[in-house]
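Shown next: work25.txt, given as compact mmCIF, C-alpha atoms and all ligand atoms.
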# COMPACT_ATOMS: atom_id res chain seq x y z
CA MET A 1 0.00 0.00 0.00
CA LYS A 2 1.27 3.44 -0.90
CA ASP A 3 2.20 5.88 1.82
CA ILE A 4 -0.88 7.95 2.74
CA LYS A 5 0.94 11.27 2.77
CA THR A 6 2.38 10.65 -0.71
CA LEU A 7 -1.00 9.54 -2.05
CA ASP A 8 -2.71 12.58 -0.59
CA GLN A 9 -0.08 15.00 -1.89
CA THR A 10 -0.30 13.40 -5.33
CA TYR A 11 -4.06 13.15 -5.74
CA VAL A 12 -5.84 15.49 -3.29
CA ALA A 13 -6.10 19.14 -4.33
CA SER A 14 -3.45 21.09 -2.47
CA THR A 15 -5.82 23.41 -0.62
CA TYR A 16 -4.55 22.51 2.87
CA GLY A 17 -1.24 22.78 4.68
CA ARG A 18 -1.49 19.61 6.74
CA PHE A 19 0.48 18.61 9.81
CA PRO A 20 2.57 15.47 9.04
CA VAL A 21 0.19 13.16 10.91
CA VAL A 22 -2.21 10.50 9.62
CA ILE A 23 -5.11 10.11 12.04
CA THR A 24 -6.41 6.55 12.03
CA GLY A 25 -8.57 6.39 15.14
CA GLY A 26 -9.84 8.10 18.21
CA LYS A 27 -11.85 7.71 21.38
CA GLY A 28 -13.25 10.65 23.33
CA CYS A 29 -10.70 13.46 23.38
CA ILE A 30 -7.85 11.22 22.21
CA ALA A 31 -6.81 10.98 18.56
CA VAL A 32 -4.52 8.15 17.44
CA ASP A 33 -2.14 8.25 14.47
CA ASP A 34 -0.87 5.46 12.20
CA GLN A 35 2.27 5.08 14.35
CA GLY A 36 0.17 4.45 17.46
CA ASN A 37 0.90 7.90 18.93
CA GLU A 38 -1.89 9.43 21.01
CA TYR A 39 -2.86 13.10 21.08
CA ILE A 40 -5.26 15.06 23.25
CA ASP A 41 -7.37 16.82 20.64
CA MET A 42 -7.93 20.40 21.78
CA GLY A 43 -9.35 21.36 18.38
CA SER A 44 -12.02 18.65 17.98
CA GLY A 45 -11.78 18.77 14.21
CA ILE A 46 -12.30 22.57 14.27
CA GLY A 47 -15.11 22.51 16.79
CA VAL A 48 -16.95 19.66 15.09
CA ASN A 49 -16.51 16.61 17.33
CA LEU A 50 -18.68 18.11 20.06
CA PHE A 51 -18.36 15.02 22.28
CA GLY A 52 -15.06 13.79 20.92
CA TYR A 53 -14.23 10.81 18.73
CA SER A 54 -16.58 7.88 18.37
CA ASP A 55 -18.92 9.14 21.07
CA PRO A 56 -21.19 6.18 21.94
CA ILE A 57 -24.43 8.15 22.52
CA TRP A 58 -24.18 10.12 19.28
CA LYS A 59 -23.08 7.01 17.38
CA GLU A 60 -26.05 5.00 18.62
CA ALA A 61 -28.47 7.72 17.45
CA VAL A 62 -26.88 7.85 14.00
CA ILE A 63 -26.66 4.08 13.58
CA ALA A 64 -30.28 3.54 14.65
CA GLN A 65 -31.34 5.99 11.95
CA LEU A 66 -29.03 4.36 9.38
CA ASP A 67 -30.78 1.08 10.11
CA ALA A 68 -34.15 2.75 9.44
CA VAL A 69 -33.48 5.04 6.46
CA GLN A 70 -30.29 6.89 5.47
CA HIS A 71 -31.72 9.29 2.87
CA THR A 72 -34.88 9.92 0.90
CA SER A 73 -34.44 13.43 -0.62
CA ASN A 74 -36.49 16.45 0.30
CA LEU A 75 -39.40 15.29 -1.85
CA TYR A 76 -40.66 13.42 1.21
CA TYR A 77 -41.04 14.07 4.93
CA THR A 78 -38.72 12.42 7.45
CA GLY A 79 -38.89 12.50 11.24
CA PRO A 80 -35.40 13.58 12.35
CA CYS A 81 -35.33 16.70 10.15
CA ALA A 82 -38.70 17.91 11.47
CA GLN A 83 -37.83 17.03 15.06
CA LEU A 84 -34.45 18.75 14.90
CA ALA A 85 -36.08 21.90 13.49
CA GLU A 86 -38.63 21.87 16.34
CA LEU A 87 -35.89 21.48 18.92
CA LEU A 88 -33.82 24.33 17.45
CA CYS A 89 -36.83 26.66 17.31
CA GLU A 90 -37.99 25.81 20.84
CA ARG A 91 -34.57 26.45 22.27
CA THR A 92 -33.84 29.68 20.40
CA GLY A 93 -37.13 31.47 19.76
CA LEU A 94 -36.47 31.49 16.02
CA LYS A 95 -39.32 30.17 13.93
CA LYS A 96 -38.22 28.00 11.01
CA VAL A 97 -35.06 26.19 9.89
CA PHE A 98 -33.45 25.53 6.51
CA PHE A 99 -31.04 22.59 6.55
CA CYS A 100 -27.96 22.20 4.37
CA ASN A 101 -24.49 20.70 4.69
CA SER A 102 -21.96 23.29 5.81
CA GLY A 103 -21.42 26.65 7.43
CA ALA A 104 -20.85 28.43 4.14
CA GLU A 105 -24.06 27.03 2.73
CA ALA A 106 -26.00 28.05 5.86
CA ASN A 107 -24.65 31.58 5.41
CA GLU A 108 -25.57 31.58 1.71
CA CYS A 109 -29.15 30.85 2.74
CA ALA A 110 -29.04 33.63 5.36
CA ILE A 111 -27.82 36.09 2.72
CA LYS A 112 -30.56 34.99 0.31
CA ALA A 113 -33.18 35.45 3.02
CA ALA A 114 -31.89 38.94 3.87
CA ARG A 115 -31.81 40.01 0.22
CA ARG A 116 -35.30 38.71 -0.38
CA TYR A 117 -36.63 40.42 2.74
CA ALA A 118 -35.14 43.77 1.74
CA GLN A 119 -36.34 43.37 -1.84
CA LEU A 120 -39.90 42.81 -0.66
CA ASN A 121 -39.92 45.41 2.12
CA LYS A 122 -37.53 48.16 1.05
CA GLY A 123 -36.80 47.94 -2.67
CA ASP A 124 -34.62 46.16 -5.22
CA ASP A 125 -31.46 48.17 -4.53
CA PHE A 126 -31.40 47.57 -0.76
CA TYR A 127 -29.13 44.55 -0.96
CA THR A 128 -25.97 45.65 0.87
CA ILE A 129 -24.92 43.57 3.85
CA ILE A 130 -22.55 45.13 6.37
CA THR A 131 -20.00 42.64 7.70
CA LEU A 132 -16.96 43.05 9.95
CA ASN A 133 -13.25 43.17 9.29
CA ASN A 134 -11.51 39.92 10.27
CA SER A 135 -14.76 38.01 10.00
CA PHE A 136 -15.00 34.58 8.44
CA HIS A 137 -18.18 33.37 6.79
CA GLY A 138 -17.04 30.63 4.39
CA ARG A 139 -15.37 29.78 1.10
CA THR A 140 -18.07 30.09 -1.54
CA LEU A 141 -17.79 33.20 -3.71
CA THR A 142 -20.59 34.95 -1.83
CA THR A 143 -19.49 34.03 1.68
CA LEU A 144 -15.93 35.02 0.72
CA ALA A 145 -17.32 38.41 -0.27
CA ALA A 146 -18.96 38.55 3.16
CA THR A 147 -15.66 37.64 4.81
CA GLY A 148 -13.94 40.90 5.73
CA GLN A 149 -10.38 39.77 5.03
CA GLU A 150 -8.64 41.13 1.93
CA LYS A 151 -6.30 38.16 1.66
CA PHE A 152 -9.29 35.93 0.81
CA HIS A 153 -10.63 38.33 -1.82
CA LYS A 154 -7.73 38.76 -4.21
CA LEU A 155 -7.56 35.36 -5.85
CA PHE A 156 -11.08 34.92 -7.11
CA GLN A 157 -12.33 38.21 -8.48
CA PRO A 158 -15.00 39.17 -9.18
CA LEU A 159 -16.79 38.21 -5.96
CA THR A 160 -20.51 38.66 -5.36
CA PRO A 161 -21.24 42.38 -4.99
CA GLY A 162 -23.17 43.90 -2.10
CA PHE A 163 -20.86 43.55 0.90
CA VAL A 164 -19.21 46.33 2.89
CA SER A 165 -17.05 45.60 5.91
CA VAL A 166 -16.27 47.81 8.90
CA PRO A 167 -13.94 47.35 11.90
CA ALA A 168 -15.42 45.17 14.66
CA ASN A 169 -16.46 47.10 17.77
CA ASP A 170 -16.41 50.43 15.91
CA CYS A 171 -19.98 51.66 16.55
CA GLU A 172 -19.51 54.84 14.54
CA ALA A 173 -18.17 53.02 11.47
CA LEU A 174 -21.09 50.60 11.64
CA SER A 175 -23.59 53.42 11.92
CA ASP A 176 -21.96 55.31 9.02
CA ALA A 177 -21.92 52.21 6.83
CA VAL A 178 -25.61 51.61 7.47
CA LYS A 179 -26.44 55.21 6.61
CA ASN A 180 -24.20 55.40 3.54
CA ASN A 181 -25.44 52.20 1.91
CA LYS A 182 -28.78 50.80 0.91
CA THR A 183 -28.53 48.23 3.65
CA ALA A 184 -30.40 44.96 4.03
CA ALA A 185 -28.60 43.42 6.99
CA ILE A 186 -25.72 43.40 9.43
CA MET A 187 -23.84 40.10 9.57
CA LEU A 188 -21.61 39.25 12.53
CA GLU A 189 -20.02 36.54 14.64
CA CYS A 190 -20.49 37.24 18.39
CA ILE A 191 -16.96 35.90 18.77
CA GLN A 192 -14.84 36.06 15.64
CA GLY A 193 -13.36 32.57 15.35
CA GLU A 194 -10.92 32.30 12.45
CA GLY A 195 -10.29 36.03 12.82
CA GLY A 196 -8.61 35.58 16.20
CA VAL A 197 -11.16 34.59 18.88
CA ASN A 198 -12.30 38.16 19.48
CA PRO A 199 -15.60 38.57 21.33
CA LEU A 200 -17.66 41.57 20.24
CA ASP A 201 -18.34 44.31 22.81
CA GLN A 202 -21.83 44.52 24.29
CA ALA A 203 -22.00 48.18 23.17
CA PHE A 204 -21.33 47.17 19.57
CA ILE A 205 -24.10 44.56 19.60
CA ASP A 206 -26.43 47.11 21.21
CA THR A 207 -25.60 49.57 18.42
CA ALA A 208 -26.28 46.94 15.76
CA VAL A 209 -29.63 46.09 17.38
CA GLN A 210 -30.55 49.79 17.58
CA LEU A 211 -29.62 50.41 13.93
CA ALA A 212 -31.54 47.32 12.88
CA LYS A 213 -34.64 48.68 14.55
CA GLU A 214 -34.23 52.15 13.15
CA TYR A 215 -33.55 51.11 9.54
CA ASP A 216 -35.51 47.84 9.41
CA LEU A 217 -32.35 45.76 8.94
CA LEU A 218 -31.93 42.10 9.69
CA ILE A 219 -29.21 40.88 12.01
CA ILE A 220 -27.55 37.72 10.73
CA ASP A 221 -25.68 35.98 13.52
CA ASP A 222 -23.10 33.49 12.23
CA GLU A 223 -22.86 30.85 14.96
CA VAL A 224 -21.20 28.24 12.78
CA GLN A 225 -18.31 28.05 15.24
CA THR A 226 -19.74 29.64 18.42
CA GLY A 227 -22.94 27.58 18.40
CA ASN A 228 -24.15 24.43 20.08
CA GLY A 229 -22.84 24.97 23.60
CA ARG A 230 -19.33 25.99 22.58
CA THR A 231 -19.33 29.33 24.44
CA GLY A 232 -21.18 28.25 27.57
CA THR A 233 -24.69 28.99 26.31
CA LEU A 234 -26.52 27.10 23.57
CA TYR A 235 -25.75 30.00 21.19
CA ALA A 236 -23.40 32.88 21.91
CA TYR A 237 -26.04 35.58 21.21
CA MET A 238 -27.78 34.44 24.40
CA GLN A 239 -24.99 36.07 26.39
CA TYR A 240 -25.60 39.42 24.67
CA GLY A 241 -29.31 39.65 25.44
CA PHE A 242 -30.71 39.99 21.92
CA LEU A 243 -32.53 37.77 19.45
CA PRO A 244 -31.02 37.82 15.94
CA ASP A 245 -33.33 37.69 12.92
CA ILE A 246 -31.30 34.88 11.39
CA VAL A 247 -28.89 32.47 13.11
CA THR A 248 -26.65 30.13 11.15
CA THR A 249 -24.87 27.16 12.61
CA ALA A 250 -22.97 24.08 11.49
CA LYS A 251 -19.66 22.70 12.84
CA GLY A 252 -20.54 21.17 16.24
CA LEU A 253 -24.22 20.53 15.52
CA GLY A 254 -23.66 17.27 13.65
CA GLY A 255 -20.94 16.01 15.98
CA GLY A 256 -18.78 14.95 13.02
CA LEU A 257 -21.23 14.56 10.17
CA PRO A 258 -21.90 17.42 7.75
CA ILE A 259 -24.84 19.68 8.53
CA GLY A 260 -25.65 23.35 8.27
CA ALA A 261 -28.75 25.10 9.62
CA THR A 262 -30.17 28.54 8.92
CA MET A 263 -32.67 29.52 11.60
CA LEU A 264 -35.18 32.12 10.45
CA GLY A 265 -36.82 34.52 12.89
CA GLU A 266 -40.26 36.11 12.87
CA LYS A 267 -39.50 38.61 10.08
CA VAL A 268 -38.21 36.04 7.61
CA LYS A 269 -39.91 32.82 8.64
CA GLU A 270 -42.07 32.79 5.51
CA ILE A 271 -39.52 34.36 3.16
CA PHE A 272 -38.95 31.18 1.15
CA LYS A 273 -41.58 29.49 -0.96
CA PRO A 274 -41.24 25.99 -2.45
CA GLY A 275 -38.42 26.10 -5.02
CA ASP A 276 -36.75 29.25 -3.64
CA ASN A 277 -33.90 27.34 -2.03
CA GLY A 278 -32.90 23.72 -1.61
CA SER A 279 -30.26 21.11 -0.93
CA THR A 280 -30.19 17.46 -1.99
CA PHE A 281 -28.55 16.30 1.23
CA GLY A 282 -30.04 18.98 3.50
CA GLY A 283 -31.89 17.56 6.49
CA ASN A 284 -30.37 14.13 6.01
CA PRO A 285 -32.10 11.86 8.55
CA ALA A 286 -28.97 10.14 9.92
CA VAL A 287 -27.12 13.45 10.38
CA CYS A 288 -30.22 15.04 11.96
CA ALA A 289 -30.68 12.09 14.34
CA GLY A 290 -27.12 12.64 15.58
CA ALA A 291 -27.73 16.38 15.90
CA ILE A 292 -30.91 15.81 17.96
CA SER A 293 -28.95 13.58 20.31
CA ASN A 294 -26.22 16.23 20.63
CA LEU A 295 -28.65 19.10 21.27
CA LYS A 296 -30.51 17.16 23.96
CA ARG A 297 -27.23 16.72 25.83
CA ILE A 298 -26.51 20.46 25.81
CA ASP A 299 -28.45 21.14 29.02
CA ASP A 300 -27.81 23.48 31.95
CA ALA A 301 -25.52 20.97 33.64
CA LEU A 302 -23.31 20.57 30.56
CA LEU A 303 -23.22 24.34 29.98
CA ALA A 304 -22.20 24.92 33.60
CA GLU A 305 -19.36 22.44 33.07
CA VAL A 306 -18.29 24.28 29.91
CA LYS A 307 -18.10 27.51 31.94
CA ARG A 308 -16.22 25.84 34.78
CA LYS A 309 -13.65 24.33 32.40
CA SER A 310 -13.36 27.68 30.67
CA ASP A 311 -12.47 29.32 34.00
CA LEU A 312 -9.91 26.57 34.54
CA ILE A 313 -8.27 27.33 31.18
CA PHE A 314 -8.20 31.08 31.83
CA SER A 315 -6.81 30.74 35.36
CA THR A 316 -4.20 28.17 34.32
CA LEU A 317 -2.85 30.02 31.30
CA ASN A 318 -3.14 33.65 32.39
CA GLY A 319 0.23 34.94 33.55
CA LYS A 320 2.20 31.93 32.24
CA THR A 321 5.56 32.57 30.57
CA ASN A 322 5.20 34.12 27.10
CA VAL A 323 1.38 34.26 27.34
CA LYS A 324 0.38 37.77 26.33
CA SER A 325 -3.39 37.35 26.48
CA VAL A 326 -6.13 34.77 26.84
CA ALA A 327 -9.48 35.63 25.24
CA GLY A 328 -12.75 33.98 24.33
CA MET A 329 -15.83 32.48 25.95
CA GLY A 330 -16.61 28.99 27.17
CA LEU A 331 -14.49 26.38 25.39
CA MET A 332 -13.59 28.73 22.55
CA ILE A 333 -10.30 30.26 23.57
CA GLY A 334 -7.55 32.22 21.82
CA ILE A 335 -4.11 32.60 23.37
CA GLU A 336 -1.60 35.13 22.07
CA PRO A 337 2.14 34.73 22.65
CA GLU A 338 4.41 37.64 23.48
CA GLN A 339 7.09 36.15 21.23
CA GLY A 340 7.14 33.51 18.52
CA THR A 341 4.43 32.39 16.14
CA ALA A 342 1.23 30.54 16.98
CA GLY A 343 2.15 28.12 14.18
CA ASP A 344 5.43 27.16 15.84
CA ILE A 345 3.70 26.75 19.21
CA ALA A 346 1.06 24.51 17.60
CA LYS A 347 3.89 22.40 16.15
CA THR A 348 5.55 22.05 19.56
CA CYS A 349 2.20 21.04 21.07
CA LEU A 350 1.76 18.38 18.39
CA GLU A 351 5.24 16.98 19.04
CA ASN A 352 4.24 16.70 22.68
CA GLY A 353 0.93 14.97 22.11
CA VAL A 354 -1.59 17.83 21.98
CA LEU A 355 -3.50 19.05 18.92
CA VAL A 356 -4.34 22.77 18.89
CA LEU A 357 -5.56 25.19 16.22
CA THR A 358 -4.36 28.63 15.27
CA ALA A 359 -6.35 31.75 14.37
CA GLY A 360 -5.77 35.25 13.02
CA GLY A 361 -3.83 37.74 15.11
CA ASN A 362 -1.15 35.12 15.90
CA LYS A 363 -3.41 33.18 18.26
CA VAL A 364 -3.35 29.58 19.38
CA ARG A 365 -7.00 28.53 19.36
CA LEU A 366 -8.60 25.89 21.57
CA LEU A 367 -11.97 24.27 20.81
CA PRO A 368 -11.85 21.06 22.87
CA PRO A 369 -14.73 18.58 23.02
CA LEU A 370 -17.33 19.89 25.51
CA ASN A 371 -17.05 16.74 27.61
CA ILE A 372 -13.26 16.79 28.02
CA SER A 373 -12.26 15.52 31.46
CA ASP A 374 -10.35 17.69 33.94
CA ALA A 375 -7.46 15.24 33.82
CA GLU A 376 -7.16 15.51 30.02
CA LEU A 377 -7.62 19.26 30.14
CA ASN A 378 -4.92 19.71 32.77
CA ARG A 379 -2.51 17.48 30.84
CA ALA A 380 -3.13 19.43 27.66
CA LEU A 381 -2.76 22.81 29.42
CA ASP A 382 0.58 21.66 30.80
CA VAL A 383 1.85 20.90 27.30
CA ILE A 384 0.42 24.16 25.94
CA ALA A 385 1.99 26.25 28.72
CA ASN A 386 5.37 24.58 28.07
CA ALA A 387 5.05 25.18 24.34
CA PHE A 388 4.42 28.87 25.00
CA ALA A 389 7.44 29.02 27.33
CA ASN A 390 9.58 27.34 24.65
CA GLY A 391 8.35 29.87 22.09
CA LYS A 392 10.17 32.61 23.98
CA GLU A 393 13.56 33.37 22.42
C1 LIG B 401 -16.05 27.44 9.73
C2 LIG B 401 -16.88 28.65 9.61
C3 LIG B 401 -17.66 28.88 8.46
C4 LIG B 401 -17.59 27.99 7.24
O1 LIG B 401 -18.08 26.72 7.52
P1 LIG B 401 -17.85 25.53 6.47
O2 LIG B 401 -18.59 24.38 7.06
O3 LIG B 401 -16.38 25.30 6.38
O4 LIG B 401 -18.42 25.99 5.19
C5 LIG B 401 -18.49 30.00 8.44
N1 LIG B 401 -18.55 30.83 9.49
C6 LIG B 401 -17.81 30.64 10.61
C7 LIG B 401 -17.94 31.59 11.75
C8 LIG B 401 -16.94 29.55 10.71
O5 LIG B 401 -16.20 29.38 11.80
Go ahead and render the structure in this file as structure tokens.
Amino acid sequence: MKDIKTLDQTYVASTYGRFPVVITGGKGCIAVDDQGNEYIDMGSGIGVNLFGYSDPIWKEAVIAQLDAVQHTSNLYYTGPCAQLAELLCERTGLKKVFFCNSGAEANECAIKAARRYAQLNKGDDFYTIITLNNSFHGRTLTTLAATGQEKFHKLFQPLTPGFVSVPANDCEALSDAVKNNKTAAIMLECIQGEGGVNPLDQAFIDTAVQLAKEYDLLIIDDEVQTGNGRTGTLYAYMQYGFLPDIVTTAKGLGGGLPIGATMLGEKVKEIFKPGDNGSTFGGNPAVCAGAISNLKRIDDALLAEVKRKSDLIFSTLNGKTNVKSVAGMGLMIGIEPEQGTAGDIAKTCLENGVLVLTAGGNKVRLLPPLNISDAELNRALDVIANAFANGKE
């Protein structure tokens, strides 16, 4: 058999810079490579493996549904899709859900809904969506346009028109952008993930909510990364005391299988008619069965644990050698070194048996499984603290 790395480098499109590790197995928070090395996975597949690898409860829900029916298309009703939508609406106060397969696709649907709403209520030219610098909303041409990072824009011109980005937490710039454009919506992440794990200020959210009211704008809240218990509440907006008009989510919801969801609030709940949007795989019954099982486990007790472990991470890492700052909410944490690069620190962590992510602004990013044990967490934090110390010249 050919070497996996060589095969991959020969035949898989070179869109990723991979670490030199072939993951062949995993259990809970532990990933195993083809050499038998074990790693504590503090990234959970970029916030996807909500309860770690091969979680027995999630697996049982998926397998039971696979035994019943794995797919039928959206020409027919299936139980898990309807039940998952009910659960999401009951727990958020949003009214209807569109299912798809990824974060980018969920955001595409949100953008379509906002454009359609503005078209019907304000006029054809009110299609501009204000987004934030350093945001990340996906890789399709439209979600790239929504992503306020120049480096993503250059390669694939022309992008979808109708997006203007302003600095995060700059209330005046947001207000000016709304006034100077024919605006349909404001799109934000309560905590910018890829951009550097930067939580938005309460005052900035309050300004967005006020402007939305004044100018009849929609607020699109991208919770692809922050959602599903990650930040210590079911969705991060719940910590800011507002209800967005549209909430998108993906990553952790499926626990490892692809799903995206666009939750539509009161203003847009009837915006789509049959044929206006769709997805062949969207609402897949096996994926939805797993997501239902995941959501039911995100209860007050689990969320309290997320907050407790978050405090543990902050108190352990704050003030450690070469740690400049620790930011984030719940189990979504960004750590900035005083010296050295986050990439080098991630490499040192890997060599010492801990998988971490990086993010913009030279941050090491942690998104561990929500059920990580204290013992695993403490072991990982030890390695991470040492890697930061080693990063100092
Ligand atoms: C990951 C991410 C996306 C894109 O999700 P995909 O599933 O990769 O398309 C969009 N928004 C945010 C905030 C993300 O973190």
Contacts of range 179-194 of chain A at 7 Å or less, counting all atoms listed in the file, minus same-chain residues fewer than 4 places along, as a ChimeraX atom specification?
/A:114-115,118,125-132,135-136,175,198-200,217-223,225-226,236-237,359-360
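Here CA of Pro258 in chain A is placed at a distance of 20.4 Å from CA of Met332 in chain A.
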Write out as a PDB file with C-alpha atoms, in the coordinates of the input the residues lying within 10 Å of Gln202 in chain A, counting all atoms listed in the file and excluding same-chain residues fewer than 4 positions away.
ATOM      1  CA  ASN A 169     -16.460  47.100  17.770  1.00  0.00           C
ATOM      2  CA  CYS A 190     -20.490  37.240  18.390  1.00  0.00           C
ATOM      3  CA  ASP A 206     -26.430  47.110  21.210  1.00  0.00           C
ATOM      4  CA  THR A 207     -25.600  49.570  18.420  1.00  0.00           C
ATOM      5  CA  ALA A 208     -26.280  46.940  15.760  1.00  0.00           C
ATOM      6  CA  GLN A 239     -24.990  36.070  26.390  1.00  0.00           C
ATOM      7  CA  TYR A 240     -25.600  39.420  24.670  1.00  0.00           C
ATOM      8  CA  GLY A 241     -29.310  39.650  25.440  1.00  0.00           C
TER       9      GLY A 241
END
Shortest interatomic distance to Val178 in chain A - which of A:Val48, A:Leu303, A:Leu155, A:Val166, counting all atoms listed in the file:
A:Val166
In Å to one decimal, how far is CA of Ser44 in chain A from CA of Ile298 in chain A?
16.6 Å
Go through A:Leu141, A:Leu243, A:Leu87, A:Val22 one by one, measure the shortest atom-to-atom distance of each to ligand LIG 401 (chain B) using only C-alpha atoms and all ligand atoms, and give the residue with the smallest value.
A:Leu141
Write out as a PyMOL selection string each polymer residue whose atoms come within 9 Å of range 269-286 of chain A, counting only C-alpha atoms; drop sequence neighbours fewer than 3 positions from it.
chain A and resi 61-66+69-74+78-82+84+94-101+109+112-114+116-117+257+259-261+263-266+289-291
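For the residues A:Val12, A:Val323, A:Leu355, A:Val247, ranking by smallest atom-to-atom distance to ligand LIG 401 (chain B) using only C-alpha atoms and all ligand atoms places A:Val247 first.
Across the structure, CA of Phe19 in chain A and CA of Gly36 in chain A are spaced 16.1 Å apart.
Taking all atoms listed in the file into account, ligand LIG 401 (chain B) lies nearest to A:Val224 out of the set A:Val224, A:Val354, A:Val268, A:Ala327.
When the distance limit is 10 Å and only C-alpha atoms are what count, the residues near Asp344 in chain A, minus those fewer than 4 positions from it on the same chain, are Gly340, Thr348, Cys349, Leu350, Thr358, Val364, Ala387, Phe388, Asn390 and Gly391 of chain A.
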Hey, can I get the axis-aligned box for ligand LIG 401 (chain B)? All listed atoms, 8 Å padding on each side, centre and edge lengths in Å to one decimal, as AutoDock Vina command-line options.
--center_x -17.3 --center_y 28.0 --center_z 8.5 --size_x 18.5 --size_y 23.2 --size_z 22.6
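Minimum atom-to-atom distances from A:Leu317, A:Leu370, A:Ala104, A:Leu159 to ligand LIG 401 (chain B) were compared using all atoms listed in the file, and the lowest value belongs to A:Ala104.
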8 Å contact set for Gly227 in chain A, all atoms listed in the file, chain neighbours under 6 positions out, as a list in words:
Leu234, Tyr235, Ala236, Thr249, Ala250, Gly252 and Leu253 of chain A
Across A:Thr140, A:Ser14, A:Asn49, A:Asn37, the smallest distance to ligand LIG 401 (chain B), with only C-alpha atoms and all ligand atoms counted, is shown by A:Thr140
Complete range 251-268 of chain A at the level of N, CA and C atoms, written as a PDB file, keeping the file's coordinate frame.
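Here's the written file part_18.pdb:
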ATOM      1  N   LYS A 251     -20.736  23.463  12.197  1.00  0.00           N
ATOM      2  CA  LYS A 251     -19.660  22.700  12.840  1.00  0.00           C
ATOM      3  C   LYS A 251     -20.072  21.678  13.915  1.00  0.00           C
ATOM      4  N   GLY A 252     -20.320  22.124  15.155  1.00  0.00           N
ATOM      5  CA  GLY A 252     -20.540  21.170  16.240  1.00  0.00           C
ATOM      6  C   GLY A 252     -21.897  20.472  16.194  1.00  0.00           C
ATOM      7  N   LEU A 253     -22.846  21.045  15.469  1.00  0.00           N
ATOM      8  CA  LEU A 253     -24.220  20.530  15.520  1.00  0.00           C
ATOM      9  C   LEU A 253     -24.302  19.053  15.148  1.00  0.00           C
ATOM     10  N   GLY A 254     -23.592  18.655  14.113  1.00  0.00           N
ATOM     11  CA  GLY A 254     -23.660  17.270  13.650  1.00  0.00           C
ATOM     12  C   GLY A 254     -22.702  16.329  14.351  1.00  0.00           C
ATOM     13  N   GLY A 255     -21.859  16.859  15.217  1.00  0.00           N
ATOM     14  CA  GLY A 255     -20.940  16.010  15.980  1.00  0.00           C
ATOM     15  C   GLY A 255     -19.936  15.240  15.121  1.00  0.00           C
ATOM     16  N   GLY A 256     -19.755  15.641  13.883  1.00  0.00           N
ATOM     17  CA  GLY A 256     -18.780  14.950  13.020  1.00  0.00           C
ATOM     18  C   GLY A 256     -19.340  14.606  11.659  1.00  0.00           C
ATOM     19  N   LEU A 257     -20.633  14.764  11.486  1.00  0.00           N
ATOM     20  CA  LEU A 257     -21.230  14.560  10.170  1.00  0.00           C
ATOM     21  C   LEU A 257     -21.659  15.930   9.634  1.00  0.00           C
ATOM     22  N   PRO A 258     -21.659  16.095   8.308  1.00  0.00           N
ATOM     23  CA  PRO A 258     -21.900  17.420   7.750  1.00  0.00           C
ATOM     24  C   PRO A 258     -23.350  17.877   7.877  1.00  0.00           C
ATOM     25  N   ILE A 259     -23.517  19.058   8.454  1.00  0.00           N
ATOM     26  CA  ILE A 259     -24.840  19.680   8.530  1.00  0.00           C
ATOM     27  C   ILE A 259     -24.665  21.184   8.640  1.00  0.00           C
ATOM     28  N   GLY A 260     -25.562  21.918   8.059  1.00  0.00           N
ATOM     29  CA  GLY A 260     -25.650  23.350   8.270  1.00  0.00           C
ATOM     30  C   GLY A 260     -27.106  23.675   8.530  1.00  0.00           C
ATOM     31  N   ALA A 261     -27.367  24.707   9.335  1.00  0.00           N
ATOM     32  CA  ALA A 261     -28.750  25.100   9.620  1.00  0.00           C
ATOM     33  C   ALA A 261     -28.855  26.606   9.594  1.00  0.00           C
ATOM     34  N   THR A 262     -29.874  27.105   8.928  1.00  0.00           N
ATOM     35  CA  THR A 262     -30.170  28.540   8.920  1.00  0.00           C
ATOM     36  C   THR A 262     -31.496  28.707   9.637  1.00  0.00           C
ATOM     37  N   MET A 263     -31.447  29.329  10.823  1.00  0.00           N
ATOM     38  CA  MET A 263     -32.670  29.520  11.600  1.00  0.00           C
ATOM     39  C   MET A 263     -33.245  30.887  11.266  1.00  0.00           C
ATOM     40  N   LEU A 264     -34.524  30.906  10.934  1.00  0.00           N
ATOM     41  CA  LEU A 264     -35.180  32.120  10.450  1.00  0.00           C
ATOM     42  C   LEU A 264     -36.141  32.641  11.512  1.00  0.00           C
ATOM     43  N   GLY A 265     -35.965  33.907  11.882  1.00  0.00           N
ATOM     44  CA  GLY A 265     -36.820  34.520  12.890  1.00  0.00           C
ATOM     45  C   GLY A 265     -38.144  35.009  12.319  1.00  0.00           C
ATOM     46  N   GLU A 266     -38.905  35.658  13.195  1.00  0.00           N
ATOM     47  CA  GLU A 266     -40.260  36.110  12.870  1.00  0.00           C
ATOM     48  C   GLU A 266     -40.354  36.847  11.520  1.00  0.00           C
ATOM     49  N   LYS A 267     -39.419  37.777  11.293  1.00  0.00           N
ATOM     50  CA  LYS A 267     -39.500  38.610  10.080  1.00  0.00           C
ATOM     51  C   LYS A 267     -39.315  37.832   8.791  1.00  0.00           C
ATOM     52  N   VAL A 268     -38.565  36.744   8.848  1.00  0.00           N
ATOM     53  CA  VAL A 268     -38.210  36.040   7.610  1.00  0.00           C
ATOM     54  C   VAL A 268     -38.704  34.591   7.582  1.00  0.00           C
TER      55      VAL A 268
END
